[in-house]
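Engineer: Sharing structure.txt, compact mmCIF, C-alpha atoms:
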```txt
# COMPACT_ATOMS: atom_id res chain seq x y z
CA MET A 1 45.35 46.04 32.14
CA VAL A 2 45.51 45.94 28.36
CA LYS A 3 42.82 43.85 26.69
CA ILE A 4 44.01 41.87 23.73
CA ARG A 5 41.43 41.56 21.01
CA MET A 6 41.92 38.71 18.61
CA TYR A 7 41.37 39.64 15.02
CA VAL A 8 39.47 37.08 12.97
CA PRO A 9 39.22 37.93 9.32
CA SER A 10 35.62 38.12 8.07
CA ARG A 11 36.25 35.25 5.64
CA ASN A 12 37.33 33.01 8.53
CA LYS A 13 34.20 34.02 10.45
CA ALA A 14 32.04 33.03 7.51
CA ILE A 15 33.81 29.67 7.21
CA LEU A 16 33.42 29.07 10.96
CA ALA A 17 29.71 29.93 10.82
CA LEU A 18 29.24 27.63 7.84
CA ALA A 19 31.08 24.82 9.63
CA ILE A 20 28.81 25.21 12.68
CA VAL A 21 25.71 25.13 10.47
CA LEU A 22 27.01 22.01 8.71
CA VAL A 23 27.69 20.27 12.03
CA PHE A 24 24.14 20.96 13.24
CA ALA A 25 22.73 19.87 9.87
CA LEU A 26 24.74 16.65 10.08
CA ILE A 27 23.50 15.97 13.62
CA TYR A 28 19.91 16.56 12.48
CA PHE A 29 20.41 14.33 9.42
CA VAL A 30 21.94 11.52 11.50
CA LYS A 31 19.12 11.80 14.03
CA LYS A 32 16.39 11.68 11.37
CA THR A 33 18.16 8.97 9.36
CA PHE A 34 19.26 6.53 12.04
CA ILE A 35 17.09 7.20 15.11
CA ALA A 36 13.43 6.13 15.20
CA ALA A 37 12.61 7.53 18.66
CA THR A 38 14.15 8.59 21.94
CA VAL A 39 13.00 7.50 25.40
CA ASN A 40 14.14 9.92 28.10
CA GLY A 41 17.00 10.87 25.81
CA SER A 42 17.99 7.27 25.06
CA PRO A 43 17.71 6.48 21.31
CA ILE A 44 15.94 3.60 19.63
CA MET A 45 17.73 3.06 16.34
CA LYS A 46 15.85 2.58 13.07
CA SER A 47 17.97 -0.50 12.43
CA ALA A 48 16.50 -2.09 15.60
CA VAL A 49 12.96 -1.30 14.43
CA ASN A 50 13.64 -2.64 10.94
CA GLY A 51 15.23 -5.78 12.37
CA GLU A 52 12.21 -6.44 14.57
CA LEU A 53 9.81 -5.82 11.69
CA GLN A 54 11.76 -8.19 9.47
CA LYS A 55 11.71 -10.91 12.14
CA ARG A 56 7.96 -10.58 12.67
CA TYR A 57 6.66 -9.81 9.18
CA GLY A 58 9.59 -10.25 6.79
CA ARG A 59 8.52 -13.56 5.27
CA SER A 60 4.88 -12.54 4.70
CA VAL A 61 5.89 -9.18 3.19
CA LEU A 62 8.46 -10.86 0.93
CA ASP A 63 5.88 -13.45 -0.18
CA SER A 64 3.42 -10.64 -1.00
CA LEU A 65 6.05 -8.89 -3.11
CA ILE A 66 6.88 -12.16 -4.89
CA THR A 67 3.17 -12.68 -5.62
CA GLU A 68 2.87 -9.14 -7.03
CA LYS A 69 5.93 -9.71 -9.22
CA LEU A 70 4.45 -12.97 -10.57
CA ILE A 71 1.14 -11.24 -11.36
CA ILE A 72 2.92 -8.43 -13.23
CA GLN A 73 5.11 -10.89 -15.16
CA GLU A 74 2.14 -13.04 -16.14
CA ALA A 75 0.18 -9.97 -17.26
CA GLN A 76 3.15 -8.84 -19.37
CA ASN A 77 3.40 -12.32 -20.91
CA GLN A 78 -0.26 -12.09 -21.92
CA GLY A 79 -0.05 -8.47 -23.07
CA ILE A 80 -2.44 -7.29 -20.35
CA THR A 81 -2.11 -3.72 -19.10
CA VAL A 82 -3.97 -1.33 -16.80
CA SER A 83 -4.22 2.30 -17.87
CA GLN A 84 -3.92 5.31 -15.57
CA GLN A 85 -7.50 6.20 -16.52
CA GLU A 86 -8.74 2.86 -15.15
CA ILE A 87 -6.86 3.47 -11.89
CA ASP A 88 -8.21 7.04 -11.63
CA GLU A 89 -11.79 5.82 -12.21
CA GLU A 90 -11.43 3.26 -9.42
CA ILE A 91 -10.00 5.88 -7.06
CA ALA A 92 -12.97 8.15 -7.91
CA LYS A 93 -15.36 5.32 -6.94
CA ILE A 94 -13.55 4.83 -3.63
CA GLU A 95 -13.63 8.59 -2.98
CA GLU A 96 -17.37 8.65 -3.62
CA SER A 97 -17.90 5.68 -1.31
CA VAL A 98 -15.96 7.18 1.63
CA LYS A 99 -17.61 10.55 1.03
CA LYS A 100 -21.01 8.94 1.61
CA GLN A 101 -19.69 7.81 4.99
CA GLY A 102 -18.73 11.39 5.86
CA GLN A 103 -15.00 10.85 5.39
CA THR A 104 -12.33 11.83 2.88
CA LEU A 105 -10.00 9.53 1.01
CA GLU A 106 -7.00 11.32 2.53
CA SER A 107 -8.22 10.69 6.10
CA VAL A 108 -8.96 7.01 5.39
CA LEU A 109 -5.54 6.52 3.81
CA ALA A 110 -3.87 8.30 6.75
CA LEU A 111 -5.62 5.95 9.20
CA GLN A 112 -4.28 2.97 7.26
CA GLY A 113 -0.79 4.47 6.99
CA MET A 114 -1.07 4.47 3.22
CA THR A 115 -0.31 6.96 0.45
CA LYS A 116 -2.31 7.59 -2.70
CA ILE A 117 0.59 6.20 -4.74
CA GLU A 118 0.44 2.94 -2.74
CA LEU A 119 -3.33 2.80 -3.26
CA SER A 120 -2.81 3.24 -7.01
CA GLY A 121 -0.33 0.36 -6.95
CA GLN A 122 -2.81 -1.90 -5.16
CA ILE A 123 -5.58 -0.97 -7.59
CA LYS A 124 -3.29 -1.76 -10.54
CA ILE A 125 -2.55 -5.24 -9.15
CA GLN A 126 -6.27 -5.85 -8.48
CA LYS A 127 -7.18 -4.76 -12.01
CA LEU A 128 -4.51 -7.04 -13.49
CA ILE A 129 -5.94 -9.98 -11.51
CA GLU A 130 -9.45 -9.16 -12.74
CA LYS A 131 -8.26 -9.08 -16.35
CA LEU A 132 -6.20 -12.25 -15.98
CA LEU A 133 -9.05 -14.23 -14.38
CA GLY A 134 -12.16 -12.33 -15.47
CA ASP A 135 -13.30 -14.97 -17.93
CA LYS A 136 -13.14 -17.58 -15.15
CA VAL A 137 -15.50 -15.63 -12.84
CA THR A 138 -19.20 -15.34 -13.59
CA VAL A 139 -22.17 -14.66 -11.33
CA THR A 140 -25.48 -16.23 -12.41
CA ASP A 141 -28.90 -14.65 -11.83
CA SER A 142 -29.89 -17.54 -9.58
CA GLU A 143 -26.79 -16.99 -7.39
CA LEU A 144 -27.58 -13.28 -7.24
CA GLN A 145 -31.21 -13.75 -6.24
CA GLU A 146 -30.39 -16.49 -3.74
CA TYR A 147 -27.86 -14.25 -1.96
CA ILE A 148 -30.32 -11.34 -1.84
CA LYS A 149 -33.04 -13.62 -0.46
CA ASN A 150 -30.76 -15.07 2.24
CA ASN A 151 -29.35 -11.66 3.27
CA GLU A 152 -32.40 -9.44 2.86
CA GLU A 153 -32.14 -7.76 6.28
CA SER A 154 -28.45 -6.89 6.15
CA LEU A 155 -28.77 -5.58 2.57
CA LYS A 156 -31.31 -2.95 3.65
CA THR A 157 -28.39 -0.86 4.91
CA VAL A 158 -26.81 -0.85 1.43
CA SER A 159 -29.65 0.89 -0.42
CA SER A 160 -33.40 0.97 -0.84
CA ASP A 161 -32.95 0.83 -4.62
CA LEU A 162 -33.12 -2.78 -5.86
CA LYS A 163 -30.81 -2.12 -8.82
CA GLU A 164 -28.10 -0.70 -6.52
CA VAL A 165 -28.46 -3.71 -4.21
CA GLU A 166 -28.16 -6.11 -7.15
CA ASN A 167 -25.02 -4.34 -8.42
CA TYR A 168 -23.53 -4.40 -4.91
CA VAL A 169 -24.26 -8.13 -4.46
CA LYS A 170 -22.99 -8.95 -7.94
CA ASP A 171 -19.68 -7.19 -7.20
CA LEU A 172 -19.47 -8.91 -3.82
CA LEU A 173 -20.04 -12.39 -5.26
CA LYS A 174 -17.65 -11.67 -8.11
CA GLN A 175 -14.91 -10.65 -5.64
CA GLN A 176 -15.48 -13.81 -3.58
CA LYS A 177 -15.22 -16.01 -6.67
CA LEU A 178 -12.23 -14.03 -7.93
CA SER A 179 -10.47 -14.56 -4.60
CA ASP A 180 -11.03 -18.32 -4.78
CA ALA A 181 -9.96 -18.51 -8.43
CA PHE A 182 -6.91 -16.35 -7.75
CA GLN A 183 -5.63 -18.60 -4.96
CA ALA A 184 -5.73 -21.68 -7.19
CA TRP A 185 -4.22 -19.72 -10.11
CA ILE A 186 -1.33 -18.17 -8.15
CA ASP A 187 -0.50 -21.54 -6.56
CA GLY A 188 -0.10 -22.96 -10.07
CA ILE A 189 1.99 -19.99 -11.22
CA ARG A 190 4.28 -20.26 -8.17
CA GLN A 191 4.86 -23.97 -8.79
CA LYS A 192 6.09 -23.21 -12.31
CA ALA A 193 8.18 -20.17 -11.28
CA THR A 194 11.78 -20.23 -10.09
CA VAL A 195 11.83 -18.36 -6.78
CA ASN A 196 15.12 -18.23 -4.89
CA TYR A 197 14.98 -16.96 -1.31
CA LEU A 198 18.25 -15.21 -0.55
CA ILE A 199 17.13 -14.25 2.97
CA SER A 200 15.78 -16.68 5.54
CA TYR A 201 13.32 -15.56 8.22
```
Can you dump the structure from the file as structure tokens?
Structural biologist:
Amino acid sequence: MVKIRMYVPSRNKAILALAIVLVFALIYFVKKTFIAATVNGSPIMKSAVNGELQKRYGRSVLDSLITEKLIIQEAQNQGITVSQQEIDEEIAKIEESVKKQGQTLESVLALQGMTKIELSGQIKIQKLIEKLLGDKVTVTDSELQEYIKNNEESLKTVSSDLKEVENYVKDLLKQQKLSDAFQAWIDGIRQKATVNYLISY
């Protein structure tokens, strides 16, 4: 019996190999782009996950983004900015704090599903709030001493150094007051703003 060997030019072989590679690359791309997980081979599409997330958390996430936008706009109107140096200094403080607890910033961020860029964004917003409302938030010596007196036992875990404890309590009280002042301030800003919801949840 005579065997017939088909002749495939080398150029055609190269094109065929490239086509096969492209098909596999496309399958991989589609899988990574559109499929969130598979269960016994059955896919769960990313669109289904995103739809569920939007139903459950869409309104609160959108409201948070609107609030951030209003803060940034108000800061721009008042000529208030936050430098990269200020953000880096705050990140350094956080790194030092988590280091004392035997952790790294990277591990803490990973646990929270957060990136360093997202942390920088949050710090920027926080700093803008502090600058916008800083003159409205003051902690008196009597408030400081009263808090230390009423929370003496729990503050022993912070530090044995009185100055460090005072700084910690002052920051804590300032953040509490800032939070209260911010809520009233942002409510006023939102009432004046024109916010059109184009999606309903």
Engineer: Between A:Leu144, A:Ala37, A:Val98, A:Ala184, which is the closest to Val165 of chain A once you count all atoms listed in the file?
Structural biologist: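 Of the candidates, the smallest distance to Val165 of chain A is held by A:Leu144.
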Engineer: Grab the atom CA of Gln78 of chain A to atom CA of Asp180 of chain A distance for me, in Å with one decimal place.
Structural biologist: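 Distance between the two atoms: 21.2 Å.
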Engineer: Hey, which of A:Val108, A:Leu172, A:Leu155, A:Leu70 ends up closest to Gly188 of chain A? Count all atoms listed in the file.
Structural biologist: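 Looking at the shortest contact to Gly188 of chain A, the residue is A:Leu70.
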Engineer: Just give me the residues with any atom within 10 Å of (-2.1, -3.0, -19.9), file coordinates, counting all atoms listed in the file, written as an mmCIF file with C-alpha atoms, in the coordinates of the input.
Structural biologist:
```cif
data_model
loop_
_atom_site.group_PDB
_atom_site.id
_atom_site.type_symbol
_atom_site.label_atom_id
_atom_site.label_comp_id
_atom_site.auth_asym_id
_atom_site.auth_seq_id
_atom_site.Cartn_x
_atom_site.Cartn_y
_atom_site.Cartn_z
ATOM 1 C CA ILE A 72 2.920 -8.430 -13.230
ATOM 2 C CA ALA A 75 0.180 -9.970 -17.260
ATOM 3 C CA GLN A 76 3.150 -8.840 -19.370
ATOM 4 C CA GLN A 78 -0.260 -12.090 -21.920
ATOM 5 C CA GLY A 79 -0.050 -8.470 -23.070
ATOM 6 C CA ILE A 80 -2.440 -7.290 -20.350
ATOM 7 C CA THR A 81 -2.110 -3.720 -19.100
ATOM 8 C CA VAL A 82 -3.970 -1.330 -16.800
ATOM 9 C CA SER A 83 -4.220 2.300 -17.870
ATOM 10 C CA GLN A 84 -3.920 5.310 -15.570
ATOM 11 C CA LYS A 124 -3.290 -1.760 -10.540
ATOM 12 C CA LYS A 127 -7.180 -4.760 -12.010
ATOM 13 C CA LEU A 128 -4.510 -7.040 -13.490
ATOM 14 C CA LYS A 131 -8.260 -9.080 -16.350
#
```
Engineer: Of the residues A:Ala110, A:Ile186, A:Leu53, A:Ile94, which is the one nearest to Ile71 of chain A, using all atoms listed in the file?
Structural biologist: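 Of A:Ala110, A:Ile186, A:Leu53, A:Ile94, the one nearest Ile71 of chain A, counting all atoms listed in the file, is A:Ile186.
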Engineer: So how far away is atom CA of Glu74 of chain A from atom CA of Ile189 of chain A, in Å?
Structural biologist: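 Computing the Euclidean distance for atom CA of Ile189 of chain A and atom CA of Glu74 of chain A yields 8.5 Å.
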Engineer: Complete the atoms of segment 101-128 of chain A to N, CA and C atoms and put them out as a compact mmCIF listing (two decimals), keeping the file's coordinate frame.
Structural biologist:
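Output file result_39.txt is given in full below:
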```txt
# COMPACT_ATOMS: atom_id res chain seq x y z
N GLN A 101 -19.84 8.15 3.57
CA GLN A 101 -19.69 7.81 4.99
C GLN A 101 -19.18 9.00 5.81
N GLY A 102 -19.14 10.17 5.16
CA GLY A 102 -18.73 11.39 5.86
C GLY A 102 -17.23 11.50 6.08
N GLN A 103 -16.46 10.80 5.26
CA GLN A 103 -15.00 10.85 5.39
C GLN A 103 -14.37 11.30 4.08
N THR A 104 -13.07 11.52 4.10
CA THR A 104 -12.33 11.83 2.88
C THR A 104 -11.35 10.71 2.62
N LEU A 105 -10.96 10.57 1.37
CA LEU A 105 -10.00 9.53 1.01
C LEU A 105 -8.68 9.73 1.75
N GLU A 106 -8.27 11.00 1.86
CA GLU A 106 -7.00 11.32 2.53
C GLU A 106 -7.02 10.86 3.98
N SER A 107 -8.14 11.09 4.68
CA SER A 107 -8.22 10.69 6.10
C SER A 107 -8.23 9.17 6.25
N VAL A 108 -8.91 8.48 5.34
CA VAL A 108 -8.96 7.01 5.39
C VAL A 108 -7.58 6.43 5.12
N LEU A 109 -6.88 6.99 4.13
CA LEU A 109 -5.54 6.52 3.81
C LEU A 109 -4.58 6.78 4.97
N ALA A 110 -4.73 7.96 5.61
CA ALA A 110 -3.87 8.30 6.75
C ALA A 110 -4.07 7.32 7.89
N LEU A 111 -5.32 6.92 8.14
CA LEU A 111 -5.62 5.95 9.20
C LEU A 111 -4.96 4.61 8.92
N GLN A 112 -4.86 4.26 7.64
CA GLN A 112 -4.28 2.97 7.26
C GLN A 112 -2.78 3.07 7.02
N GLY A 113 -2.22 4.28 7.20
CA GLY A 113 -0.79 4.47 6.99
C GLY A 113 -0.39 4.25 5.54
N MET A 114 -1.26 4.72 4.64
CA MET A 114 -1.07 4.47 3.22
C MET A 114 -1.03 5.78 2.44
N THR A 115 -0.33 5.79 1.32
CA THR A 115 -0.31 6.96 0.45
C THR A 115 -1.18 6.69 -0.77
N LYS A 116 -1.50 7.75 -1.50
CA LYS A 116 -2.31 7.59 -2.70
C LYS A 116 -1.56 6.80 -3.77
N ILE A 117 -0.24 6.95 -3.79
CA ILE A 117 0.59 6.20 -4.74
C ILE A 117 0.51 4.70 -4.43
N GLU A 118 0.55 4.35 -3.14
CA GLU A 118 0.44 2.94 -2.74
C GLU A 118 -0.94 2.39 -3.08
N LEU A 119 -1.97 3.22 -2.89
CA LEU A 119 -3.33 2.80 -3.26
C LEU A 119 -3.42 2.54 -4.76
N SER A 120 -2.82 3.42 -5.55
CA SER A 120 -2.81 3.24 -7.01
C SER A 120 -2.14 1.93 -7.39
N GLY A 121 -1.04 1.62 -6.69
CA GLY A 121 -0.33 0.36 -6.95
C GLY A 121 -1.20 -0.85 -6.64
N GLN A 122 -1.93 -0.79 -5.53
CA GLN A 122 -2.81 -1.90 -5.16
C GLN A 122 -3.95 -2.07 -6.17
N ILE A 123 -4.49 -0.92 -6.60
CA ILE A 123 -5.58 -0.97 -7.59
C ILE A 123 -5.08 -1.58 -8.90
N LYS A 124 -3.87 -1.21 -9.30
CA LYS A 124 -3.29 -1.76 -10.54
C LYS A 124 -3.19 -3.28 -10.46
N ILE A 125 -2.68 -3.78 -9.33
CA ILE A 125 -2.55 -5.24 -9.15
C ILE A 125 -3.93 -5.90 -9.19
N GLN A 126 -4.91 -5.30 -8.51
CA GLN A 126 -6.27 -5.85 -8.48
C GLN A 126 -6.86 -5.90 -9.88
N LYS A 127 -6.65 -4.83 -10.64
CA LYS A 127 -7.18 -4.76 -12.01
C LYS A 127 -6.51 -5.82 -12.91
N LEU A 128 -5.21 -6.01 -12.71
CA LEU A 128 -4.51 -7.04 -13.49
C LEU A 128 -5.08 -8.43 -13.20
```
